[in-house]
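To start, the structure under review is shown below, and the notes come after it.
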Amino acid sequence: IPAQFRVIVTRRPKYACRSCTDGVVQAPSPARLIPGGLPTEAMVAHVLVSKYADHLPLYRQAQIYSRQGVDLDRSTLADWVGRAAFELRPVYDALVADLKRSSKLFMDETRAPVLDPGARKTKTGYFWALARDDRPWNGTAPPGVAFTYAPGRSGLHAERILQGFGGILQVDGYAGYNRLVAPGRGGSDITLAYCWAHARRKLVEITRTGPAPIAEEGVRLIRELYAIEAGIRGLDPDDRLAVRQKRSAPAVARIKDWLDHHRSRVSAKAPLGEALSYIAKYWAGLELFLTDGRIELDNNAVERTIRPIALNRKNALFAGHDAGAENWAVIASFIETCKLNAVDPHAWLSSTLGAVANGHQQ
């Protein structure tokens with residue numbers, strides 16, 4: 001049975017008493033997220049989940065509603081989304097603050113096309129994803145992710161987002177993150193751990209173009225690390241570290257011997273040479289997992305959270321303006337955090353928006 005609309009009629013009769021001082025009395029109207037508006041909080045939550053979890057642009061939602069006899073203009077739906085994002089901003093700020101109190105986080109960025117009316121084209125902004133997932137090392141903090149919209153990809157934006165955070169940050173090889181560990185930088189100390197999946201990916205791309213025995217050997221050596229990690233996922237950090245020292249350290253040593261041996265024999269300008277140079281450049285951060293049981297082999301945890309952003313980007317093409325992109329970041333943060341915690345996004349949004357409408361601001 002498809003989801004259906006229903007009209008909720010609230011009757012508030014007026015009563016008068018000649019012998020009372022109050023005169024005419026009437027029960028107050030129910031609190032609503034949008035005072036005087038048509039939608040309940042559940043309706044607004046449905047629009048948000050359809051757009052950001054099910055990847056249905058607002059104009060498609062308007063078409064679906066029209067088939068059910070409810071005419072809602074896309075601009076009206078956009079107003080609902082903007083109002084919900086505005087009211088949820090304190091919750092979003094609390095989510096970001098909670099994530100930055102962690103000792104270890106993941107970070108990644110992805111494109112966010114935004115309409116630029118003056119230039120008659122779209123401009124490229126970025127969503128910066130800050131994620132926590134301590135489940136692989138049996139951490140007690142719940143997983144979560146917060147997206148922040150920024151107009152560019154400069155490491156300056158990453159530094160601004162991470163203000164107040166100190167600890168281990170697991171990232172890919174994007175050079176903008178080097179700003180976080182630059183000499184003389186103020187603030188809390190950040191240690192960068194790098195991603196073996198990106199190193200492996202560069203070798204895999206070479207194997208797809210034809211016979212590549214050196215790259216294939218590198219892929220096989222890295223696969224050994226992942227096989228070891230599969231057996232220790234969910235253990236405490238100390239137990240993971242003990243296994244890594246015993247089994248992963250020799251495997252990493254073999255990769256280092258393979259890397260040094262072939263770097264001296266392969267042209268640095270060849271695709272294989274570039275892949276080997278990439279691994280050598282980030283070697284210190286790649287082998288950091290051998291010293292801390294909390295560090296993962298890769299930053300796939302945060303990459304999984306940004307895949308829905310790509311689907312929305314494909315279906316909706318672009319955000320209408322910078323404020324729309326910021327709203328996108330806020331709502332997507334809640335949707336993906338709910339999914340990480342196996343919570344129904346619609347139920348959570350309905351409950352939270354209802355609490356906000358009733359004056360709960362903490």
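In the structure tokens, chains take letters A, B, ... by order of appearance, with residues numbered from 1 within each chain and ligands from 1 in the order shown.
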| DSSP says strand (DSSP E) for which residues of region 131-295 of chain A? Put them as a ChimeraX atom specification? | /A:131-132,144-150,167-170,190-193
**Message:** Env of region 312-322 of chain A: 12 Å cut, atoms = only C-alpha atoms, seq-sep filter 2 positions within chain, self excluded. Answer as JSON, numbers by chain.
**Reply:** {"A": [49, 50, 51, 52, 53, 54, 55, 56, 57, 58, 59, 60, 61, 75, 78, 82, 110, 111, 112, 113, 114, 115, 116, 117, 118, 121, 122, 123, 124, 125, 126, 127, 148, 149, 150, 151, 152, 306, 307, 308, 309, 310, 324, 325, 326, 327, 328, 329, 332]}
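With only C-alpha atoms as the atoms that count, the minimum distance from Thr209 (chain A) to the choices A:Leu272, A:Leu99, A:Val9, A:Cys338 is reached by A:Leu272.
The space between CA of Tyr177 (chain A) and CA of Ala158 (chain A) spans 7.2 Å.
Proximity of A:Ala3, A:Ile279, A:Leu130, A:Ile161 to Gln68 (chain A), computed with only C-alpha atoms, is greatest for A:Ala3.
Distances to Arg223 (chain A) were evaluated for A:Ala284, A:Ala84, A:Ala197, A:Val145 using only C-alpha atoms, and the minimum falls at A:Ala197.
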Across A:Gly184, A:Gly23, A:Gly176, A:Gly234, the smallest distance to Thr140 (chain A), with only C-alpha atoms counted, is shown by A:Gly234
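With only C-alpha atoms as the atoms that count, the residue of A:Arg254, A:Arg83, A:Arg294, A:Arg240 with the shortest distance to Ile168 (chain A) is A:Arg294.
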Per-residue DSSP, region 66-232 of chain A, filtered to alpha helix (DSSP H), as a PDB file with N, CA and C atoms, in the first residue's frame:
ATOM      1  N   SER A  66       1.296  15.153  -6.668  1.00  0.00           N
ATOM      2  CA  SER A  66       0.216  15.597  -7.558  1.00  0.00           C
ATOM      3  C   SER A  66      -0.633  14.422  -8.012  1.00  0.00           C
ATOM      4  N   ARG A  67      -0.023  13.261  -8.234  1.00  0.00           N
ATOM      5  CA  ARG A  67      -0.775  12.081  -8.644  1.00  0.00           C
ATOM      6  C   ARG A  67      -1.718  11.606  -7.541  1.00  0.00           C
ATOM      7  N   ARG A  74       7.195  23.003  -5.970  1.00  0.00           N
ATOM      8  CA  ARG A  74       8.569  22.702  -5.561  1.00  0.00           C
ATOM      9  C   ARG A  74       9.123  23.778  -4.631  1.00  0.00           C
ATOM     10  N   SER A  75       8.768  25.027  -4.874  1.00  0.00           N
ATOM     11  CA  SER A  75       9.261  26.106  -4.015  1.00  0.00           C
ATOM     12  C   SER A  75       8.731  25.970  -2.586  1.00  0.00           C
ATOM     13  N   THR A  76       7.505  25.457  -2.462  1.00  0.00           N
ATOM     14  CA  THR A  76       6.954  25.232  -1.124  1.00  0.00           C
ATOM     15  C   THR A  76       7.745  24.149  -0.396  1.00  0.00           C
ATOM     16  N   LEU A  77       8.030  23.061  -1.103  1.00  0.00           N
ATOM     17  CA  LEU A  77       8.830  21.988  -0.509  1.00  0.00           C
ATOM     18  C   LEU A  77      10.216  22.497  -0.136  1.00  0.00           C
ATOM     19  N   ALA A  78      10.783  23.355  -0.988  1.00  0.00           N
ATOM     20  CA  ALA A  78      12.106  23.909  -0.694  1.00  0.00           C
ATOM     21  C   ALA A  78      12.071  24.765   0.569  1.00  0.00           C
ATOM     22  N   ASP A  79      10.977  25.510   0.756  1.00  0.00           N
ATOM     23  CA  ASP A  79      10.836  26.305   1.980  1.00  0.00           C
ATOM     24  C   ASP A  79      10.784  25.408   3.211  1.00  0.00           C
ATOM     25  N   TRP A  80      10.082  24.275   3.103  1.00  0.00           N
ATOM     26  CA  TRP A  80      10.006  23.342   4.226  1.00  0.00           C
ATOM     27  C   TRP A  80      11.389  22.792   4.568  1.00  0.00           C
ATOM     28  N   VAL A  81      12.147  22.437   3.528  1.00  0.00           N
ATOM     29  CA  VAL A  81      13.495  21.903   3.746  1.00  0.00           C
ATOM     30  C   VAL A  81      14.378  22.950   4.428  1.00  0.00           C
ATOM     31  N   GLY A  82      14.310  24.184   3.936  1.00  0.00           N
ATOM     32  CA  GLY A  82      15.124  25.244   4.524  1.00  0.00           C
ATOM     33  C   GLY A  82      14.751  25.525   5.969  1.00  0.00           C
ATOM     34  N   ARG A  83      13.448  25.493   6.279  1.00  0.00           N
ATOM     35  CA  ARG A  83      13.019  25.750   7.657  1.00  0.00           C
ATOM     36  C   ARG A  83      13.474  24.628   8.584  1.00  0.00           C
ATOM     37  N   ALA A  84      13.359  23.386   8.112  1.00  0.00           N
ATOM     38  CA  ALA A  84      13.798  22.254   8.930  1.00  0.00           C
ATOM     39  C   ALA A  84      15.298  22.322   9.191  1.00  0.00           C
ATOM     40  N   ALA A  85      16.078  22.634   8.151  1.00  0.00           N
ATOM     41  CA  ALA A  85      17.529  22.727   8.333  1.00  0.00           C
ATOM     42  C   ALA A  85      17.893  23.831   9.311  1.00  0.00           C
ATOM     43  N   PHE A  86      17.174  24.953   9.233  1.00  0.00           N
ATOM     44  CA  PHE A  86      17.441  26.062  10.156  1.00  0.00           C
ATOM     45  C   PHE A  86      17.167  25.647  11.598  1.00  0.00           C
ATOM     46  N   GLU A  87      16.039  24.994  11.821  1.00  0.00           N
ATOM     47  CA  GLU A  87      15.671  24.602  13.182  1.00  0.00           C
ATOM     48  C   GLU A  87      16.578  23.499  13.722  1.00  0.00           C
ATOM     49  N   LEU A  88      17.147  22.686  12.829  1.00  0.00           N
ATOM     50  CA  LEU A  88      18.019  21.586  13.261  1.00  0.00           C
ATOM     51  C   LEU A  88      19.482  22.009  13.394  1.00  0.00           C
ATOM     52  N   ARG A  89      19.777  23.242  13.076  1.00  0.00           N
ATOM     53  CA  ARG A  89      21.174  23.697  13.125  1.00  0.00           C
ATOM     54  C   ARG A  89      21.804  23.518  14.514  1.00  0.00           C
ATOM     55  N   PRO A  90      21.105  23.810  15.635  1.00  0.00           N
ATOM     56  CA  PRO A  90      21.735  23.568  16.940  1.00  0.00           C
ATOM     57  C   PRO A  90      22.078  22.094  17.171  1.00  0.00           C
ATOM     58  N   VAL A  91      21.234  21.195  16.673  1.00  0.00           N
ATOM     59  CA  VAL A  91      21.518  19.767  16.812  1.00  0.00           C
ATOM     60  C   VAL A  91      22.743  19.405  15.979  1.00  0.00           C
ATOM     61  N   TYR A  92      22.828  19.987  14.789  1.00  0.00           N
ATOM     62  CA  TYR A  92      23.988  19.755  13.920  1.00  0.00           C
ATOM     63  C   TYR A  92      25.270  20.251  14.585  1.00  0.00           C
ATOM     64  N   ASP A  93      25.224  21.447  15.175  1.00  0.00           N
ATOM     65  CA  ASP A  93      26.404  21.981  15.865  1.00  0.00           C
ATOM     66  C   ASP A  93      26.827  21.068  17.012  1.00  0.00           C
ATOM     67  N   ALA A  94      25.841  20.507  17.708  1.00  0.00           N
ATOM     68  CA  ALA A  94      26.152  19.582  18.802  1.00  0.00           C
ATOM     69  C   ALA A  94      26.801  18.307  18.271  1.00  0.00           C
ATOM     70  N   LEU A  95      26.347  17.837  17.112  1.00  0.00           N
ATOM     71  CA  LEU A  95      26.936  16.649  16.493  1.00  0.00           C
ATOM     72  C   LEU A  95      28.396  16.896  16.123  1.00  0.00           C
ATOM     73  N   VAL A  96      28.671  18.046  15.513  1.00  0.00           N
ATOM     74  CA  VAL A  96      30.048  18.381  15.140  1.00  0.00           C
ATOM     75  C   VAL A  96      30.933  18.475  16.379  1.00  0.00           C
ATOM     76  N   ALA A  97      30.434  19.144  17.415  1.00  0.00           N
ATOM     77  CA  ALA A  97      31.211  19.289  18.651  1.00  0.00           C
ATOM     78  C   ALA A  97      31.493  17.937  19.284  1.00  0.00           C
ATOM     79  N   ASP A  98      30.519  17.034  19.244  1.00  0.00           N
ATOM     80  CA  ASP A  98      30.716  15.702  19.816  1.00  0.00           C
ATOM     81  C   ASP A  98      31.771  14.927  19.027  1.00  0.00           C
ATOM     82  N   LEU A  99      31.733  15.033  17.713  1.00  0.00           N
ATOM     83  CA  LEU A  99      32.727  14.332  16.892  1.00  0.00           C
ATOM     84  C   LEU A  99      34.134  14.845  17.179  1.00  0.00           C
ATOM     85  N   LYS A 100      34.271  16.144  17.338  1.00  0.00           N
ATOM     86  CA  LYS A 100      35.608  16.724  17.541  1.00  0.00           C
ATOM     87  C   LYS A 100      36.168  16.450  18.929  1.00  0.00           C
ATOM     88  N   GLY A 155      43.062  23.399   1.868  1.00  0.00           N
ATOM     89  CA  GLY A 155      43.265  22.860   3.204  1.00  0.00           C
ATOM     90  C   GLY A 155      42.867  23.832   4.294  1.00  0.00           C
ATOM     91  N   LEU A 156      42.714  25.113   3.943  1.00  0.00           N
ATOM     92  CA  LEU A 156      42.251  26.107   4.913  1.00  0.00           C
ATOM     93  C   LEU A 156      40.880  25.748   5.457  1.00  0.00           C
ATOM     94  N   HIS A 157      40.022  25.177   4.594  1.00  0.00           N
ATOM     95  CA  HIS A 157      38.684  24.787   5.034  1.00  0.00           C
ATOM     96  C   HIS A 157      38.765  23.610   6.004  1.00  0.00           C
ATOM     97  N   ALA A 158      39.626  22.648   5.708  1.00  0.00           N
ATOM     98  CA  ALA A 158      39.796  21.514   6.621  1.00  0.00           C
ATOM     99  C   ALA A 158      40.295  21.991   7.987  1.00  0.00           C
ATOM    100  N   GLU A 159      41.212  22.951   7.972  1.00  0.00           N
ATOM    101  CA  GLU A 159      41.741  23.476   9.227  1.00  0.00           C
ATOM    102  C   GLU A 159      40.649  24.180  10.022  1.00  0.00           C
ATOM    103  N   ARG A 160      39.794  24.914   9.329  1.00  0.00           N
ATOM    104  CA  ARG A 160      38.699  25.619  10.020  1.00  0.00           C
ATOM    105  C   ARG A 160      37.715  24.620  10.616  1.00  0.00           C
ATOM    106  N   ILE A 161      37.367  23.592   9.869  1.00  0.00           N
ATOM    107  CA  ILE A 161      36.401  22.601  10.346  1.00  0.00           C
ATOM    108  C   ILE A 161      36.944  21.853  11.559  1.00  0.00           C
ATOM    109  N   TRP A 196      45.606   2.779   2.908  1.00  0.00           N
ATOM    110  CA  TRP A 196      46.151   1.717   2.059  1.00  0.00           C
ATOM    111  C   TRP A 196      45.249   1.430   0.857  1.00  0.00           C
ATOM    112  N   ALA A 197      43.955   1.707   0.976  1.00  0.00           N
ATOM    113  CA  ALA A 197      43.060   1.455  -0.151  1.00  0.00           C
ATOM    114  C   ALA A 197      43.420   2.344  -1.336  1.00  0.00           C
ATOM    115  N   HIS A 198      43.825   3.584  -1.073  1.00  0.00           N
ATOM    116  CA  HIS A 198      44.219   4.469  -2.175  1.00  0.00           C
ATOM    117  C   HIS A 198      45.535   3.994  -2.807  1.00  0.00           C
ATOM    118  N   ALA A 199      46.456   3.525  -1.975  1.00  0.00           N
ATOM    119  CA  ALA A 199      47.704   2.993  -2.526  1.00  0.00           C
ATOM    120  C   ALA A 199      47.430   1.771  -3.386  1.00  0.00           C
ATOM    121  N   ARG A 200      46.587   0.890  -2.899  1.00  0.00           N
ATOM    122  CA  ARG A 200      46.242  -0.314  -3.663  1.00  0.00           C
ATOM    123  C   ARG A 200      45.504   0.044  -4.948  1.00  0.00           C
ATOM    124  N   ARG A 201      44.633   1.058  -4.884  1.00  0.00           N
ATOM    125  CA  ARG A 201      43.831   1.445  -6.045  1.00  0.00           C
ATOM    126  C   ARG A 201      44.700   1.878  -7.218  1.00  0.00           C
ATOM    127  N   LYS A 202      45.782   2.570  -6.917  1.00  0.00           N
ATOM    128  CA  LYS A 202      46.663   3.016  -7.995  1.00  0.00           C
ATOM    129  C   LYS A 202      47.344   1.838  -8.682  1.00  0.00           C
ATOM    130  N   LEU A 203      47.663   0.813  -7.917  1.00  0.00           N
ATOM    131  CA  LEU A 203      48.265  -0.381  -8.500  1.00  0.00           C
ATOM    132  C   LEU A 203      47.236  -1.183  -9.296  1.00  0.00           C
ATOM    133  N   VAL A 204      46.020  -1.264  -8.787  1.00  0.00           N
ATOM    134  CA  VAL A 204      44.966  -1.999  -9.479  1.00  0.00           C
ATOM    135  C   VAL A 204      44.680  -1.368 -10.839  1.00  0.00           C
ATOM    136  N   GLU A 205      44.672  -0.032 -10.908  1.00  0.00           N
ATOM    137  CA  GLU A 205      44.433   0.653 -12.187  1.00  0.00           C
ATOM    138  C   GLU A 205      45.481   0.268 -13.219  1.00  0.00           C
ATOM    139  N   ILE A 206      46.703   0.047 -12.781  1.00  0.00           N
ATOM    140  CA  ILE A 206      47.770  -0.348 -13.712  1.00  0.00           C
ATOM    141  C   ILE A 206      47.546  -1.768 -14.208  1.00  0.00           C
ATOM    142  N   THR A 207      47.108  -2.665 -13.344  1.00  0.00           N
ATOM    143  CA  THR A 207      46.885  -4.057 -13.752  1.00  0.00           C
ATOM    144  C   THR A 207      45.764  -4.181 -14.768  1.00  0.00           C
ATOM    145  N   PRO A 213      53.308  -7.403 -13.851  1.00  0.00           N
ATOM    146  CA  PRO A 213      53.701  -8.301 -12.747  1.00  0.00           C
ATOM    147  C   PRO A 213      54.131  -7.558 -11.486  1.00  0.00           C
ATOM    148  N   ILE A 214      54.779  -6.395 -11.631  1.00  0.00           N
ATOM    149  CA  ILE A 214      55.229  -5.667 -10.434  1.00  0.00           C
ATOM    150  C   ILE A 214      54.029  -5.133  -9.659  1.00  0.00           C
ATOM    151  N   ALA A 215      53.071  -4.525 -10.384  1.00  0.00           N
ATOM    152  CA  ALA A 215      51.873  -4.006  -9.733  1.00  0.00           C
ATOM    153  C   ALA A 215      51.044  -5.138  -9.136  1.00  0.00           C
ATOM    154  N   GLU A 216      50.956  -6.249  -9.841  1.00  0.00           N
ATOM    155  CA  GLU A 216      50.195  -7.390  -9.328  1.00  0.00           C
ATOM    156  C   GLU A 216      50.813  -7.931  -8.046  1.00  0.00           C
ATOM    157  N   GLU A 217      52.131  -7.924  -7.977  1.00  0.00           N
ATOM    158  CA  GLU A 217      52.793  -8.372  -6.762  1.00  0.00           C
ATOM    159  C   GLU A 217      52.481  -7.420  -5.606  1.00  0.00           C
ATOM    160  N   GLY A 218      52.481  -6.119  -5.884  1.00  0.00           N
ATOM    161  CA  GLY A 218      52.146  -5.146  -4.853  1.00  0.00           C
ATOM    162  C   GLY A 218      50.730  -5.329  -4.341  1.00  0.00           C
ATOM    163  N   VAL A 219      49.776  -5.576  -5.251  1.00  0.00           N
ATOM    164  CA  VAL A 219      48.381  -5.809  -4.853  1.00  0.00           C
ATOM    165  C   VAL A 219      48.287  -7.043  -3.961  1.00  0.00           C
ATOM    166  N   ARG A 220      49.028  -8.081  -4.312  1.00  0.00           N
ATOM    167  CA  ARG A 220      49.001  -9.307  -3.513  1.00  0.00           C
ATOM    168  C   ARG A 220      49.563  -9.071  -2.116  1.00  0.00           C
ATOM    169  N   LEU A 221      50.637  -8.291  -2.021  1.00  0.00           N
ATOM    170  CA  LEU A 221      51.225  -8.008  -0.711  1.00  0.00           C
ATOM    171  C   LEU A 221      50.279  -7.194   0.167  1.00  0.00           C
ATOM    172  N   ILE A 222      49.597  -6.222  -0.427  1.00  0.00           N
ATOM    173  CA  ILE A 222      48.648  -5.414   0.342  1.00  0.00           C
ATOM    174  C   ILE A 222      47.447  -6.253   0.750  1.00  0.00           C
ATOM    175  N   ARG A 223      47.069  -7.211  -0.111  1.00  0.00           N
ATOM    176  CA  ARG A 223      45.947  -8.088   0.224  1.00  0.00           C
ATOM    177  C   ARG A 223      46.226  -8.885   1.505  1.00  0.00           C
ATOM    178  N   GLU A 224      47.482  -9.206   1.737  1.00  0.00           N
ATOM    179  CA  GLU A 224      47.845  -9.922   2.967  1.00  0.00           C
ATOM    180  C   GLU A 224      47.501  -9.089   4.204  1.00  0.00           C
ATOM    181  N   LEU A 225      47.718  -7.783   4.128  1.00  0.00           N
ATOM    182  CA  LEU A 225      47.380  -6.914   5.260  1.00  0.00           C
ATOM    183  C   LEU A 225      45.880  -6.939   5.543  1.00  0.00           C
ATOM    184  N   TYR A 226      45.083  -6.887   4.482  1.00  0.00           N
ATOM    185  CA  TYR A 226      43.634  -6.886   4.674  1.00  0.00           C
ATOM    186  C   TYR A 226      43.139  -8.224   5.217  1.00  0.00           C
ATOM    187  N   ALA A 227      43.792  -9.310   4.834  1.00  0.00           N
ATOM    188  CA  ALA A 227      43.405 -10.619   5.368  1.00  0.00           C
ATOM    189  C   ALA A 227      43.653 -10.683   6.873  1.00  0.00           C
ATOM    190  N   ILE A 228      44.748 -10.088   7.315  1.00  0.00           N
ATOM    191  CA  ILE A 228      45.037 -10.051   8.755  1.00  0.00           C
ATOM    192  C   ILE A 228      44.012  -9.188   9.476  1.00  0.00           C
ATOM    193  N   GLU A 229      43.680  -8.031   8.898  1.00  0.00           N
ATOM    194  CA  GLU A 229      42.729  -7.119   9.532  1.00  0.00           C
ATOM    195  C   GLU A 229      41.349  -7.739   9.672  1.00  0.00           C
ATOM    196  N   ALA A 230      40.957  -8.561   8.713  1.00  0.00           N
ATOM    197  CA  ALA A 230      39.630  -9.185   8.779  1.00  0.00           C
ATOM    198  C   ALA A 230      39.490 -10.054  10.023  1.00  0.00           C
ATOM    199  N   GLY A 231      40.589 -10.629  10.478  1.00  0.00           N
ATOM    200  CA  GLY A 231      40.531 -11.513  11.633  1.00  0.00           C
ATOM    201  C   GLY A 231      40.551 -10.795  12.966  1.00  0.00           C
ATOM    202  N   ILE A 232      40.893  -9.508  12.985  1.00  0.00           N
ATOM    203  CA  ILE A 232      40.995  -8.793  14.263  1.00  0.00           C
ATOM    204  C   ILE A 232      39.964  -7.673  14.370  1.00  0.00           C
TER     205      ILE A 232
END
Correct to one decimal, the distance CA of Ala129 (chain A)-CA of Leu162 (chain A) is 10.9 Å
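Closest to Gly144 (chain A) among A:Phe289, A:Val302, A:Pro2, A:Ala45 is A:Val302, based on only C-alpha atoms.
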